[in-house]
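Q: File follows, coords.txt with compact mmCIF, N, CA and C atoms:
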```
# COMPACT_ATOMS: atom_id res chain seq x y z
N GLN A 155 -16.14 -9.86 28.28
CA GLN A 155 -15.32 -10.56 27.30
C GLN A 155 -16.11 -10.66 26.01
N PHE A 156 -15.66 -9.91 25.03
CA PHE A 156 -16.33 -9.82 23.75
C PHE A 156 -16.39 -11.18 23.07
N LEU A 157 -17.57 -11.53 22.57
CA LEU A 157 -17.80 -12.80 21.87
C LEU A 157 -17.31 -14.00 22.68
N SER A 158 -17.53 -13.97 23.99
CA SER A 158 -17.02 -15.04 24.84
C SER A 158 -17.68 -16.38 24.52
N SER A 159 -18.85 -16.38 23.91
CA SER A 159 -19.48 -17.64 23.54
C SER A 159 -18.68 -18.38 22.48
N ASP A 160 -17.89 -17.64 21.68
CA ASP A 160 -17.03 -18.27 20.68
C ASP A 160 -15.67 -18.64 21.25
N GLY A 161 -15.43 -18.32 22.50
CA GLY A 161 -14.14 -18.59 23.12
C GLY A 161 -13.26 -17.37 23.07
N VAL A 162 -12.29 -17.33 23.94
CA VAL A 162 -11.35 -16.21 23.98
C VAL A 162 -9.94 -16.78 24.05
N ALA A 163 -8.99 -15.92 23.72
CA ALA A 163 -7.58 -16.28 23.82
C ALA A 163 -6.87 -15.13 24.51
N SER A 164 -5.62 -15.34 24.86
CA SER A 164 -4.82 -14.32 25.50
C SER A 164 -3.58 -14.08 24.65
N CYS A 165 -3.22 -12.82 24.46
CA CYS A 165 -2.04 -12.47 23.67
C CYS A 165 -0.79 -12.88 24.44
N SER A 166 0.12 -13.56 23.77
CA SER A 166 1.36 -14.02 24.40
C SER A 166 2.31 -12.88 24.73
N ARG A 167 2.10 -11.72 24.11
CA ARG A 167 3.01 -10.59 24.31
C ARG A 167 2.47 -9.59 25.32
N CYS A 168 1.22 -9.12 25.13
CA CYS A 168 0.67 -8.07 26.00
C CYS A 168 -0.41 -8.58 26.97
N ASN A 169 -0.79 -9.85 26.86
CA ASN A 169 -1.77 -10.51 27.73
C ASN A 169 -3.19 -9.97 27.60
N ASP A 170 -3.51 -9.24 26.52
CA ASP A 170 -4.88 -8.80 26.29
C ASP A 170 -5.78 -10.00 25.99
N THR A 171 -7.06 -9.87 26.32
CA THR A 171 -8.04 -10.90 25.99
C THR A 171 -8.49 -10.69 24.55
N LEU A 172 -8.51 -11.76 23.78
CA LEU A 172 -8.79 -11.67 22.35
C LEU A 172 -9.97 -12.53 21.96
N CYS A 173 -10.75 -12.03 21.00
CA CYS A 173 -11.80 -12.86 20.42
C CYS A 173 -11.15 -13.75 19.35
N PRO A 174 -11.82 -14.80 18.90
CA PRO A 174 -11.21 -15.70 17.92
C PRO A 174 -10.90 -15.05 16.57
N GLN A 175 -11.56 -13.96 16.24
CA GLN A 175 -11.31 -13.30 14.97
C GLN A 175 -10.18 -12.28 15.01
N CYS A 176 -9.79 -11.85 16.20
CA CYS A 176 -8.83 -10.75 16.33
C CYS A 176 -7.47 -11.22 16.78
N ASN A 177 -7.01 -12.35 16.27
CA ASN A 177 -5.70 -12.83 16.67
C ASN A 177 -5.05 -13.60 15.53
N GLU A 178 -3.75 -13.74 15.64
CA GLU A 178 -2.95 -14.53 14.70
C GLU A 178 -1.99 -15.37 15.51
N LYS A 179 -1.52 -16.45 14.90
CA LYS A 179 -0.60 -17.34 15.60
C LYS A 179 0.74 -17.37 14.90
N ILE A 180 1.79 -17.47 15.69
CA ILE A 180 3.13 -17.76 15.20
C ILE A 180 3.54 -19.02 15.95
N GLY A 181 3.59 -20.12 15.26
CA GLY A 181 3.82 -21.41 15.92
C GLY A 181 2.62 -21.72 16.78
N VAL A 182 2.85 -21.95 18.06
CA VAL A 182 1.76 -22.25 18.99
C VAL A 182 1.32 -21.03 19.78
N GLU A 183 2.04 -19.92 19.65
CA GLU A 183 1.73 -18.72 20.41
C GLU A 183 0.71 -17.85 19.70
N THR A 184 -0.24 -17.30 20.46
CA THR A 184 -1.31 -16.46 19.94
C THR A 184 -1.00 -15.00 20.26
N PHE A 185 -1.23 -14.12 19.27
CA PHE A 185 -0.95 -12.70 19.45
C PHE A 185 -2.14 -11.87 18.99
N CYS A 186 -2.35 -10.71 19.64
CA CYS A 186 -3.31 -9.74 19.13
C CYS A 186 -2.73 -9.18 17.83
N LEU A 187 -3.53 -8.54 17.01
CA LEU A 187 -3.05 -8.10 15.71
C LEU A 187 -1.90 -7.10 15.78
N PRO A 188 -1.95 -6.08 16.69
CA PRO A 188 -0.78 -5.18 16.77
C PRO A 188 0.50 -5.91 17.20
N CYS A 189 0.39 -6.81 18.16
CA CYS A 189 1.59 -7.55 18.59
C CYS A 189 2.05 -8.50 17.50
N PHE A 190 1.12 -9.09 16.77
CA PHE A 190 1.50 -9.99 15.67
C PHE A 190 2.29 -9.23 14.61
N ALA A 191 1.87 -8.00 14.33
CA ALA A 191 2.58 -7.20 13.32
C ALA A 191 4.03 -6.98 13.74
N ILE A 192 4.26 -6.75 15.02
CA ILE A 192 5.63 -6.56 15.51
C ILE A 192 6.35 -7.90 15.61
N GLU A 193 5.69 -8.87 16.20
CA GLU A 193 6.32 -10.17 16.46
C GLU A 193 6.68 -10.92 15.18
N SER A 194 5.90 -10.73 14.15
CA SER A 194 6.19 -11.43 12.90
C SER A 194 7.43 -10.86 12.23
N ILE A 195 7.84 -9.66 12.61
CA ILE A 195 9.03 -9.05 12.03
C ILE A 195 10.21 -9.16 12.99
N VAL A 196 10.01 -8.92 14.28
CA VAL A 196 11.09 -9.02 15.28
C VAL A 196 10.61 -9.95 16.39
N PRO A 197 11.27 -11.10 16.59
CA PRO A 197 10.83 -12.05 17.63
C PRO A 197 10.96 -11.46 19.03
N GLN A 198 10.05 -11.85 19.90
CA GLN A 198 10.05 -11.39 21.28
C GLN A 198 11.28 -11.93 22.01
N SER A 199 11.82 -11.13 22.88
CA SER A 199 12.99 -11.51 23.65
C SER A 199 12.70 -12.78 24.46
N GLY A 200 13.66 -13.68 24.47
CA GLY A 200 13.50 -14.92 25.22
C GLY A 200 12.93 -16.06 24.42
N CYS A 201 12.50 -15.82 23.19
CA CYS A 201 11.99 -16.89 22.33
C CYS A 201 13.17 -17.62 21.69
N SER A 202 12.88 -18.74 21.06
CA SER A 202 13.93 -19.59 20.50
C SER A 202 14.74 -18.88 19.42
N ASN A 203 14.12 -18.03 18.62
CA ASN A 203 14.86 -17.37 17.54
C ASN A 203 15.21 -15.92 17.85
N SER A 204 15.19 -15.55 19.14
CA SER A 204 15.58 -14.19 19.51
C SER A 204 17.06 -14.17 19.91
N LYS A 205 17.61 -12.98 20.06
CA LYS A 205 19.04 -12.83 20.40
C LYS A 205 19.20 -12.47 21.87
N SER A 206 20.39 -12.73 22.38
CA SER A 206 20.70 -12.35 23.76
C SER A 206 20.95 -10.83 23.80
N ILE A 207 20.96 -10.27 25.00
CA ILE A 207 21.21 -8.84 25.17
C ILE A 207 22.58 -8.48 24.61
N ALA A 208 23.58 -9.33 24.84
CA ALA A 208 24.93 -9.06 24.32
C ALA A 208 24.94 -9.03 22.80
N GLU A 209 24.22 -9.96 22.17
CA GLU A 209 24.14 -9.98 20.70
C GLU A 209 23.41 -8.75 20.18
N MET A 210 22.33 -8.38 20.87
CA MET A 210 21.58 -7.17 20.48
C MET A 210 22.48 -5.94 20.58
N ARG A 211 23.23 -5.84 21.67
CA ARG A 211 24.11 -4.70 21.87
C ARG A 211 25.15 -4.64 20.74
N GLN A 212 25.73 -5.80 20.38
CA GLN A 212 26.72 -5.84 19.30
C GLN A 212 26.11 -5.41 17.97
N CYS A 213 24.87 -5.81 17.72
CA CYS A 213 24.18 -5.37 16.49
C CYS A 213 24.00 -3.86 16.48
N LEU A 214 23.62 -3.30 17.64
CA LEU A 214 23.45 -1.84 17.73
C LEU A 214 24.78 -1.13 17.50
N ILE A 215 25.84 -1.67 18.09
CA ILE A 215 27.17 -1.08 17.89
C ILE A 215 27.56 -1.17 16.42
N GLY A 216 27.26 -2.31 15.79
CA GLY A 216 27.55 -2.50 14.37
C GLY A 216 26.77 -1.54 13.48
N ASP A 217 25.58 -1.12 13.94
CA ASP A 217 24.76 -0.16 13.20
C ASP A 217 25.09 1.28 13.58
N ASN A 218 26.17 1.48 14.35
CA ASN A 218 26.60 2.81 14.79
C ASN A 218 25.52 3.53 15.61
N PHE A 219 24.82 2.78 16.45
CA PHE A 219 23.80 3.35 17.33
C PHE A 219 24.51 4.10 18.45
N ASP A 220 24.25 5.41 18.56
CA ASP A 220 24.91 6.24 19.57
C ASP A 220 24.62 5.75 20.98
N GLY A 221 25.67 5.57 21.77
CA GLY A 221 25.53 5.21 23.17
C GLY A 221 25.12 3.78 23.42
N ALA A 222 25.27 2.89 22.44
CA ALA A 222 24.83 1.50 22.60
C ALA A 222 25.55 0.80 23.75
N LYS A 223 26.78 1.18 24.01
CA LYS A 223 27.55 0.54 25.09
C LYS A 223 27.05 0.95 26.47
N ASP A 224 26.37 2.08 26.56
CA ASP A 224 25.94 2.61 27.86
C ASP A 224 24.48 2.31 28.19
N LEU A 225 23.75 1.63 27.30
CA LEU A 225 22.33 1.39 27.52
C LEU A 225 22.10 0.28 28.54
N GLN A 226 21.02 0.42 29.32
CA GLN A 226 20.58 -0.64 30.22
C GLN A 226 19.99 -1.78 29.39
N SER A 227 19.82 -2.94 29.98
CA SER A 227 19.33 -4.12 29.26
C SER A 227 17.98 -3.87 28.57
N ASP A 228 17.03 -3.26 29.30
CA ASP A 228 15.72 -3.01 28.70
C ASP A 228 15.81 -1.98 27.58
N GLU A 229 16.72 -1.02 27.71
CA GLU A 229 16.92 -0.03 26.65
C GLU A 229 17.54 -0.66 25.41
N VAL A 230 18.44 -1.64 25.63
CA VAL A 230 19.04 -2.36 24.51
C VAL A 230 17.95 -3.11 23.75
N GLU A 231 17.07 -3.80 24.48
CA GLU A 231 15.97 -4.53 23.85
C GLU A 231 15.08 -3.60 23.03
N ASP A 232 14.71 -2.46 23.62
CA ASP A 232 13.84 -1.51 22.93
C ASP A 232 14.50 -0.95 21.67
N ALA A 233 15.75 -0.54 21.81
CA ALA A 233 16.47 0.03 20.67
C ALA A 233 16.68 -1.01 19.58
N TYR A 234 17.05 -2.22 19.98
CA TYR A 234 17.27 -3.29 19.01
C TYR A 234 15.98 -3.62 18.27
N GLU A 235 14.87 -3.70 19.02
CA GLU A 235 13.59 -4.00 18.39
C GLU A 235 13.24 -2.93 17.35
N MET A 236 13.46 -1.67 17.70
CA MET A 236 13.16 -0.57 16.79
C MET A 236 14.02 -0.66 15.53
N ILE A 237 15.33 -0.85 15.70
CA ILE A 237 16.25 -0.90 14.56
C ILE A 237 15.98 -2.14 13.70
N GLU A 238 15.77 -3.28 14.35
CA GLU A 238 15.53 -4.52 13.61
C GLU A 238 14.21 -4.44 12.85
N TYR A 239 13.20 -3.84 13.47
CA TYR A 239 11.92 -3.65 12.80
C TYR A 239 12.11 -2.82 11.53
N LEU A 240 12.86 -1.74 11.63
CA LEU A 240 13.11 -0.89 10.46
C LEU A 240 13.87 -1.64 9.37
N HIS A 241 14.89 -2.40 9.76
CA HIS A 241 15.64 -3.18 8.78
C HIS A 241 14.73 -4.19 8.06
N ASN A 242 13.96 -4.93 8.83
CA ASN A 242 13.09 -5.94 8.24
C ASN A 242 11.97 -5.32 7.41
N TYR A 243 11.45 -4.18 7.87
CA TYR A 243 10.41 -3.50 7.12
C TYR A 243 10.95 -3.03 5.77
N ARG A 244 12.17 -2.50 5.77
CA ARG A 244 12.78 -2.04 4.51
C ARG A 244 13.02 -3.21 3.56
N GLU A 245 13.34 -4.38 4.11
CA GLU A 245 13.48 -5.57 3.26
C GLU A 245 12.14 -5.94 2.64
N LEU A 246 11.06 -5.81 3.42
CA LEU A 246 9.73 -6.11 2.89
C LEU A 246 9.33 -5.11 1.80
N GLU A 247 9.78 -3.85 1.95
CA GLU A 247 9.46 -2.83 0.94
C GLU A 247 9.96 -3.22 -0.44
N LYS A 248 11.06 -3.95 -0.50
CA LYS A 248 11.64 -4.32 -1.79
C LYS A 248 10.73 -5.24 -2.59
N SER A 249 9.82 -5.94 -1.92
CA SER A 249 8.93 -6.85 -2.62
C SER A 249 7.68 -6.16 -3.17
N VAL A 250 7.48 -4.88 -2.87
CA VAL A 250 6.32 -4.15 -3.35
C VAL A 250 6.51 -3.81 -4.82
N LYS A 251 5.56 -4.23 -5.65
CA LYS A 251 5.69 -4.07 -7.09
C LYS A 251 5.73 -2.60 -7.49
N TYR A 252 4.83 -1.81 -6.95
CA TYR A 252 4.77 -0.38 -7.27
C TYR A 252 4.84 0.42 -5.98
N PRO A 253 6.03 0.62 -5.43
CA PRO A 253 6.14 1.36 -4.17
C PRO A 253 5.81 2.84 -4.35
N LEU A 254 5.53 3.49 -3.24
CA LEU A 254 5.30 4.92 -3.27
C LEU A 254 6.64 5.64 -3.21
N TYR A 255 6.77 6.68 -3.99
CA TYR A 255 8.01 7.45 -4.02
C TYR A 255 7.72 8.89 -3.64
N ALA A 256 8.67 9.51 -3.01
CA ALA A 256 8.55 10.93 -2.68
C ALA A 256 8.59 11.74 -3.97
N ALA A 257 7.96 12.91 -3.96
CA ALA A 257 7.88 13.73 -5.16
C ALA A 257 9.26 14.08 -5.70
N ASP A 258 10.23 14.33 -4.81
CA ASP A 258 11.56 14.69 -5.29
C ASP A 258 12.26 13.50 -5.97
N GLU A 259 11.90 12.26 -5.58
CA GLU A 259 12.45 11.09 -6.27
C GLU A 259 11.83 10.94 -7.65
N MET A 260 10.56 11.29 -7.77
CA MET A 260 9.88 11.19 -9.06
C MET A 260 10.48 12.16 -10.07
N ALA A 261 11.03 13.26 -9.60
CA ALA A 261 11.59 14.28 -10.48
C ALA A 261 12.97 13.89 -11.00
N SER A 262 13.55 12.83 -10.44
CA SER A 262 14.89 12.40 -10.84
C SER A 262 14.88 11.84 -12.25
N ALA A 263 15.63 12.47 -13.14
CA ALA A 263 15.64 12.04 -14.55
C ALA A 263 16.35 10.71 -14.73
N THR A 264 17.12 10.28 -13.74
CA THR A 264 17.86 9.03 -13.89
C THR A 264 16.97 7.80 -13.69
N LYS A 265 15.84 7.96 -12.98
CA LYS A 265 14.97 6.82 -12.70
C LYS A 265 13.71 6.80 -13.56
N TRP A 266 13.23 7.95 -13.94
CA TRP A 266 11.89 8.03 -14.50
C TRP A 266 11.90 8.70 -15.87
N GLU A 267 10.94 8.29 -16.65
CA GLU A 267 10.70 8.92 -17.94
C GLU A 267 9.20 9.24 -17.99
N GLU A 268 8.88 10.52 -18.15
CA GLU A 268 7.47 10.90 -18.20
C GLU A 268 6.89 10.49 -19.55
N LEU A 269 5.83 9.70 -19.49
CA LEU A 269 5.18 9.25 -20.72
C LEU A 269 4.14 10.28 -21.16
N ILE A 270 3.15 10.48 -20.29
CA ILE A 270 2.10 11.47 -20.56
C ILE A 270 1.58 11.96 -19.22
N GLU A 271 0.84 13.05 -19.25
CA GLU A 271 0.16 13.52 -18.06
C GLU A 271 -1.26 13.00 -18.12
N VAL A 272 -1.70 12.34 -17.05
CA VAL A 272 -3.01 11.70 -17.03
C VAL A 272 -3.98 12.58 -16.26
N ASP A 273 -5.10 12.91 -16.88
CA ASP A 273 -6.16 13.66 -16.22
C ASP A 273 -7.30 12.67 -15.97
N PHE A 274 -7.48 12.27 -14.72
CA PHE A 274 -8.47 11.24 -14.41
C PHE A 274 -9.91 11.72 -14.55
N LYS A 275 -10.10 13.03 -14.67
CA LYS A 275 -11.47 13.53 -14.88
C LYS A 275 -12.01 13.06 -16.22
N GLU A 276 -11.11 12.72 -17.13
CA GLU A 276 -11.53 12.28 -18.46
C GLU A 276 -11.58 10.76 -18.57
N GLY A 277 -11.53 10.08 -17.44
CA GLY A 277 -11.63 8.62 -17.43
C GLY A 277 -10.45 7.97 -18.15
N GLY A 278 -10.75 6.98 -18.98
CA GLY A 278 -9.71 6.24 -19.68
C GLY A 278 -9.28 6.87 -20.98
N ALA A 279 -9.64 8.14 -21.22
CA ALA A 279 -9.29 8.79 -22.47
C ALA A 279 -7.78 8.89 -22.67
N PHE A 280 -7.01 8.82 -21.60
CA PHE A 280 -5.56 8.92 -21.74
C PHE A 280 -4.98 7.77 -22.57
N LEU A 281 -5.70 6.65 -22.66
CA LEU A 281 -5.21 5.51 -23.45
C LEU A 281 -5.12 5.84 -24.93
N ALA A 282 -5.89 6.82 -25.39
CA ALA A 282 -5.88 7.20 -26.80
C ALA A 282 -4.86 8.29 -27.10
N GLU A 283 -4.13 8.75 -26.09
CA GLU A 283 -3.12 9.79 -26.29
C GLU A 283 -2.04 9.29 -27.24
N PRO A 284 -1.67 10.07 -28.24
CA PRO A 284 -0.61 9.65 -29.15
C PRO A 284 0.75 9.52 -28.45
N GLY A 285 0.96 10.24 -27.36
CA GLY A 285 2.23 10.17 -26.65
C GLY A 285 2.42 8.89 -25.86
N LEU A 286 1.35 8.13 -25.64
CA LEU A 286 1.43 6.87 -24.91
C LEU A 286 1.58 5.74 -25.91
N GLY A 287 2.79 5.24 -26.03
CA GLY A 287 3.05 4.17 -26.99
C GLY A 287 2.37 2.87 -26.60
N ALA A 288 2.08 2.05 -27.59
CA ALA A 288 1.39 0.78 -27.36
C ALA A 288 2.18 -0.13 -26.42
N LYS A 289 3.51 -0.02 -26.44
CA LYS A 289 4.31 -0.90 -25.58
C LYS A 289 4.16 -0.54 -24.10
N HIS A 290 3.72 0.69 -23.81
CA HIS A 290 3.59 1.13 -22.42
C HIS A 290 2.19 0.87 -21.84
N ILE A 291 1.20 0.67 -22.68
CA ILE A 291 -0.19 0.53 -22.20
C ILE A 291 -0.36 -0.62 -21.22
N PRO A 292 0.14 -1.84 -21.49
CA PRO A 292 -0.05 -2.92 -20.49
C PRO A 292 0.56 -2.58 -19.13
N GLY A 293 1.74 -1.97 -19.10
CA GLY A 293 2.36 -1.60 -17.84
C GLY A 293 1.58 -0.54 -17.09
N VAL A 294 1.06 0.45 -17.82
CA VAL A 294 0.27 1.53 -17.21
C VAL A 294 -1.02 0.95 -16.63
N LEU A 295 -1.68 0.08 -17.37
CA LEU A 295 -2.92 -0.54 -16.87
C LEU A 295 -2.65 -1.41 -15.64
N ASP A 296 -1.53 -2.13 -15.66
CA ASP A 296 -1.15 -2.95 -14.52
C ASP A 296 -0.89 -2.07 -13.29
N LEU A 297 -0.24 -0.94 -13.50
CA LEU A 297 0.01 0.00 -12.40
C LEU A 297 -1.29 0.49 -11.80
N PHE A 298 -2.23 0.92 -12.64
CA PHE A 298 -3.49 1.46 -12.13
C PHE A 298 -4.38 0.37 -11.53
N ALA A 299 -4.21 -0.86 -11.97
CA ALA A 299 -5.02 -1.95 -11.43
C ALA A 299 -4.51 -2.45 -10.08
N SER A 300 -3.25 -2.12 -9.75
CA SER A 300 -2.68 -2.65 -8.50
C SER A 300 -3.08 -1.83 -7.30
```
Could the structure of this file be written out as C-alpha cells, please?
A:
Amino acid sequence: QFLSSDGVASCSRCNDTLCPQCNEKIGVETFCLPCFAIESIVPQSGCSNSKSIAEMRQCLIGDNFDGAKDLQSDEVEDAYEMIEYLHNYRELEKSVKYPLYAADEMASATKWEELIEVDFKEGGAFLAEPGLGAKHIPGVLDLFAS
C-alpha cells in the first residue's frame, strides 16, 4: 500500500486503494482520479442524483440511439453513461476561451479573418508587422498567453 503511513482510501466506484494525494471527493464519497473525472460529469448509477434504467432508456430513445429499446439493463447504463458524458463534455467545451479548431474550420471565411502570418522563429517580431492593427494586439497577446 503506497504511502500507507499517510493513510489510504478506497475508491467508491472501482474499489482501488488510493493514497491521500491521488483522490478527489464528491460529497462524502472518495474517488480515484480517473473515476472522479467520469463521476464528476455523469453520476454513478444508484446515487441520489442518478437516473433509473427506464429514464436512461428514454433519454437514449430521445437521442435516437439505435436499438435502445432492445438493450439489457447494464447495456443501457453503459450507453447512457457514454452519451451523457459526451453531452456534458460538449457543454464544458463552450466555456473554453480559446478552443482548438480543426484546420477545415479555420479555413471557413464566415468565422475567421486572417490578420497576419506569424513566424515564431522570429520571436515577438510579428508585433511590429504593419498588417497587425493596434486594436488586435491585446487579443493576440491574450491568445498566446493562454
Q: State, in Å with one decimal place, the distance from atom N of A:Asp170 to atom CA of A:Cys186.
A: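 Atom-to-atom, atom N of A:Asp170 and atom CA of A:Cys186 are spaced 7.4 Å apart.
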Q: I'd like the neighbourhood of A:Ile237 as number ranges by chain, where a residue qualifies if any of its atoms comes within 10 Å (using only C-alpha atoms), though same-chain residues fewer than 4 positions away should be ignored.
A: A: 196, 213-214, 217, 219, 231-233, 241-243
Q: With only C-alpha atoms as the atoms that count, which of A:Leu240, A:Ala222, A:Cys173, A:Cys168 lies nearest to A:Cys189?
A: A:Cys168
Q: Enumerate the residues of stretch 209-243 of chain A with a DSSP assignment of alpha helix (DSSP H), computed from the backbone, and present them as number ranges by chain.
A: A: 209-216, 227-243
